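Coordinates from protein_30.cif are shown below (mmCIF, C-alpha atoms).
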data_protein
loop_
_atom_site.label_atom_id
_atom_site.label_comp_id
_atom_site.auth_asym_id
_atom_site.auth_seq_id
_atom_site.Cartn_x
_atom_site.Cartn_y
_atom_site.Cartn_z
CA MET D 1 0.00 0.00 0.00
CA ASN D 2 2.82 2.41 0.88
CA ARG D 3 4.59 1.72 -2.43
CA LEU D 4 1.41 2.42 -4.36
CA LEU D 5 0.97 5.69 -2.48
CA ILE D 6 4.58 6.70 -3.21
CA VAL D 7 4.19 5.85 -6.91
CA ILE D 8 0.99 7.91 -7.12
CA CYS D 9 2.67 10.88 -5.40
CA ILE D 10 5.64 10.73 -7.77
CA LEU D 11 3.33 10.48 -10.78
CA LEU D 12 1.25 13.49 -9.65
CA PHE D 13 4.40 15.52 -8.94
CA THR D 14 5.82 14.70 -12.38
CA LEU D 15 2.57 15.57 -14.16
CA HIS D 16 2.25 18.85 -12.27
CA HIS D 17 5.76 19.96 -13.25
CA SER D 18 5.36 18.93 -16.88
CA PHE D 19 2.14 20.99 -17.18
CA ALA D 20 3.72 23.96 -15.37
CA ASN D 21 6.74 23.93 -17.71
CA GLU D 22 4.51 23.42 -20.75
CA SER D 23 2.58 26.61 -19.96
CA LEU D 24 5.84 28.58 -20.07
CA ASN D 25 6.54 27.18 -23.53
CA CYS D 26 3.35 28.80 -24.86
CA ILE D 27 5.22 31.99 -25.73
CA THR D 28 5.62 32.93 -29.39
CA SER D 29 7.25 35.79 -31.22
CA HIS D 30 4.75 38.29 -32.61
CA THR D 31 5.47 40.92 -35.27
CA SER D 32 2.86 43.67 -35.37
CA ALA D 33 1.86 45.92 -38.23
CA LEU D 34 2.26 48.72 -35.66
CA GLY D 35 6.04 48.39 -36.04
CA PHE D 36 7.22 46.25 -33.15
CA LYS D 37 8.24 42.70 -32.40
CA VAL D 38 7.69 41.02 -29.03
CA ASP D 39 7.45 37.59 -27.40
CA LEU D 40 3.90 37.03 -26.16
CA PRO D 41 1.95 34.32 -24.36
CA ASP D 42 -0.57 32.38 -26.42
CA TRP D 43 -3.56 34.51 -25.34
CA ASP D 44 -6.25 36.31 -27.38
CA LYS D 45 -4.81 39.15 -29.46
CA SER D 46 -6.37 42.16 -31.20
CA GLU D 47 -5.32 45.49 -32.68
CA MET D 48 -7.45 48.61 -32.97
CA MET D 49 -7.38 52.37 -33.43
CA ARG D 50 -8.52 54.23 -30.32
CA GLY D 51 -8.58 58.02 -30.51
CA ILE D 52 -5.12 59.19 -31.53
CA SER D 53 -3.37 55.94 -30.63
CA HIS D 54 -3.10 52.46 -32.03
CA GLU D 55 -3.70 49.78 -29.41
CA PHE D 56 -2.56 46.18 -29.37
CA ILE D 57 -4.05 43.89 -26.71
CA CYS D 58 -2.96 40.41 -25.65
CA ALA D 59 -5.44 39.30 -22.99
CA TYR D 60 -5.79 36.25 -20.80
CA SER D 61 -8.93 37.67 -19.20
CA LYS D 62 -10.62 41.01 -18.58
CA THR D 63 -8.20 41.75 -15.73
CA VAL D 64 -5.00 39.99 -16.90
CA TYR D 65 -3.59 41.60 -20.02
CA ILE D 66 -0.71 43.09 -21.95
CA LYS D 67 -1.41 46.28 -23.88
CA ILE D 68 0.93 48.06 -26.26
CA TYR D 69 0.01 51.55 -27.42
CA LYS D 70 1.64 53.42 -30.27
CA VAL D 71 1.17 57.20 -30.14
CA LYS D 72 2.73 60.18 -31.87
CA ASP D 73 5.31 61.87 -29.66
CA SER D 74 3.78 65.23 -28.76
CA GLN D 75 6.98 66.41 -27.00
CA THR D 76 5.11 66.37 -23.67
CA ASP D 77 6.39 64.63 -20.57
CA MET D 78 4.55 61.36 -21.19
CA LEU D 79 5.69 59.89 -17.86
CA HIS D 80 4.17 62.85 -16.01
CA GLU D 81 0.98 62.66 -18.11
CA LEU D 82 0.52 58.94 -17.43
CA THR D 83 1.04 59.53 -13.70
CA TRP D 84 -1.79 62.08 -13.68
CA ASN D 85 -4.04 59.73 -15.69
CA ILE D 86 -3.49 57.03 -13.07
CA TRP D 87 -4.25 59.46 -10.23
CA GLU D 88 -7.48 60.47 -12.01
CA LYS D 89 -8.56 56.80 -11.97
CA ASP D 90 -7.54 56.30 -8.34
CA PRO D 91 -6.44 59.21 -6.11
CA ASN D 92 -4.97 56.63 -3.69
CA ALA D 93 -2.73 55.01 -6.30
CA HIS D 94 0.57 53.76 -4.90
CA PHE D 95 3.63 54.26 -7.09
CA ILE D 96 6.30 51.64 -6.43
CA ILE D 97 8.62 52.90 -9.18
CA LYS D 98 8.34 56.01 -11.32
CA THR D 99 11.53 56.91 -13.11
CA SER D 100 12.75 58.30 -16.42
CA THR D 101 15.14 56.32 -18.60
CA GLN D 102 17.22 57.26 -21.64
CA ASP D 103 14.61 55.93 -24.04
CA GLY D 104 11.44 56.67 -22.05
CA GLY D 105 10.43 55.67 -18.56
CA ILE D 106 9.10 53.02 -16.21
CA ILE D 107 6.10 53.07 -13.88
CA VAL D 108 5.17 50.25 -11.51
CA THR D 109 2.02 51.06 -9.57
CA THR D 110 -0.97 49.60 -7.78
CA TYR D 111 -4.34 51.22 -8.23
CA ARG D 112 -7.99 50.33 -8.32
CA SER D 113 -9.38 49.59 -11.75
CA GLN D 114 -11.80 46.67 -11.46
CA GLY D 115 -10.37 45.78 -8.05
CA THR D 116 -6.81 46.47 -6.97
CA SER D 117 -4.34 45.60 -9.70
CA ILE D 118 -0.62 45.92 -10.24
CA HIS D 119 0.37 47.65 -13.47
CA ARG D 120 3.84 47.73 -14.99
CA ILE D 121 4.17 50.41 -17.62
CA ARG D 122 7.18 51.03 -19.86
CA LEU D 123 7.56 53.96 -22.25
CA ILE D 124 9.86 53.72 -25.25
CA HIS D 125 10.57 56.80 -27.39
CA ASN D 126 11.51 56.05 -30.98
CA ASN D 127 11.93 59.09 -33.26
CA ASP D 128 8.46 60.69 -33.43
CA THR D 129 6.64 57.74 -31.83
CA VAL D 130 6.14 56.56 -28.26
CA PHE D 131 5.36 52.93 -27.46
CA ILE D 132 3.66 52.34 -24.12
CA ILE D 133 3.71 48.77 -22.82
CA GLU D 134 1.31 48.00 -19.96
CA CYS D 135 1.17 44.64 -18.20
CA SER D 136 -1.57 44.25 -15.61
CA ALA D 137 -3.11 41.65 -13.32
CA PRO D 138 -5.02 41.64 -10.03
CA GLU D 139 -2.71 42.20 -7.08
CA LYS D 140 -3.20 38.67 -5.71
CA ALA D 141 -2.49 36.99 -9.07
CA PHE D 142 0.13 39.33 -10.57
CA TYR D 143 3.18 37.23 -9.73
CA LYS D 144 1.58 34.16 -11.33
CA TYR D 145 1.86 35.98 -14.68
CA GLU D 146 5.09 37.86 -13.97
CA VAL D 147 7.18 35.48 -16.10
CA TYR D 148 5.10 36.48 -19.16
CA PHE D 149 5.29 40.18 -18.31
CA ASN D 150 9.07 40.03 -17.85
CA ARG D 151 9.43 38.29 -21.21
CA VAL D 152 7.42 41.05 -22.91
CA PHE D 153 9.62 43.80 -21.47
CA GLN D 154 12.84 41.92 -22.30
CA SER D 155 11.92 40.98 -25.87
CA PHE D 156 10.18 44.17 -27.08
CA SER D 157 11.91 45.79 -30.05
CA VAL D 158 10.95 48.51 -32.49
CA LEU D 159 11.20 47.55 -36.17
#
Translate the structure of the given file into structure tokens.
Amino acid sequence: MNRLLIVICILLFTLHHSFANESLNCITSHTSALGFKVDLPDWDKSEMMRGISHEFICAYSKTVYIKIYKVKDSQTDMLHELTWNIWEKDPNAHFIIKTSTQDGGIIVTTYRSQGTSIHRIRLIHNNDTVFIIECSAPEKAFYKYEVYFNRVFQSFSVL
């Protein structure tokens, strides 16, 4: 009986790890007509025009998503503008990181938008265009998807 129990435990452990590793292999390279290339998870994807920006969405659910915006660079402080937009949504937003970089900026924040979520936002200036990458998930589930979000930030390139 003990041997059977040990064999079942080993089998379950092996199956669990094979499925966990398989889910990480569901990342593919995506080249967008918006002028970028990025490694993305195998989630639903769509592209649309919204106001003055083009928007690309890769979504697992309504609250777990990766969005990439392409907007014309209006020579405004985009990092400052995004910060104010976040504060308009939630005056109690908590900024973990908000810093400028050579090619844009980075914001990591928690704020309420359909519950409390963590959002990682990266700005990339390229000539007269700004790409804004936003990865978001509910606060309690964010780190479950962090491996996908990290891959997006590491692999993003402008064509």
Q. For Asn127 in chain D, which residue among D:Leu34, D:Cys26, D:Val71, D:Cys58 is the nearest when counting all atoms listed in the file?
A.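 Nearest candidate to Asn127 in chain D out of D:Leu34, D:Cys26, D:Val71, D:Cys58: D:Val71.
Running the PyMOL selection byres ((chain D and resi 72-89) around 9) on this file leaves D:Ile52, D:Ser53, D:Lys70, D:Val71, D:Asp90, D:Pro91, D:Asn92, D:Ala93, D:Phe95, D:Lys98, D:Thr99, D:Ser100, D:Gly104, D:Gly105, D:Ile106, D:Ile107, D:Thr109, D:Tyr111, D:Arg112, D:Ser113, D:Leu123, D:His125, D:Asn126, D:Asn127, D:Asp128, D:Thr129, D:Val130, D:Phe131 selected.
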Q) Could you spell out the hits of the PyMOL selection byres ((chain D and resi 119) around 8) on the shown file, as a PyMOL selection string? A) chain D and resi 107-111+117-118+120-121+134-137
Q.
Please enumerate the residues selected by the PyMOL selection byres ((chain D and resi 139) around 6) when evaluated against the supplied file, formatted as a PyMOL selection string.
A. chain D and resi 116-118+138+140-142
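The coordinates place CA of Arg122 in chain D at 19.4 Å from CA of Lys45 in chain D.
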**Q.** Protein/DNA/RNA residues near (5.9, 44.8, -34.0), cut 10 Å, all atoms listed in the file, as a ChimeraX atom specification
**A.** /D:29-39,56,68,156-159
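Atom to atom, CA of Asn150 in chain D and CA of His94 in chain D stand 20.7 Å apart.
Between CA of Phe153 in chain D and CA of Arg50 in chain D there is a distance of 22.7 Å.
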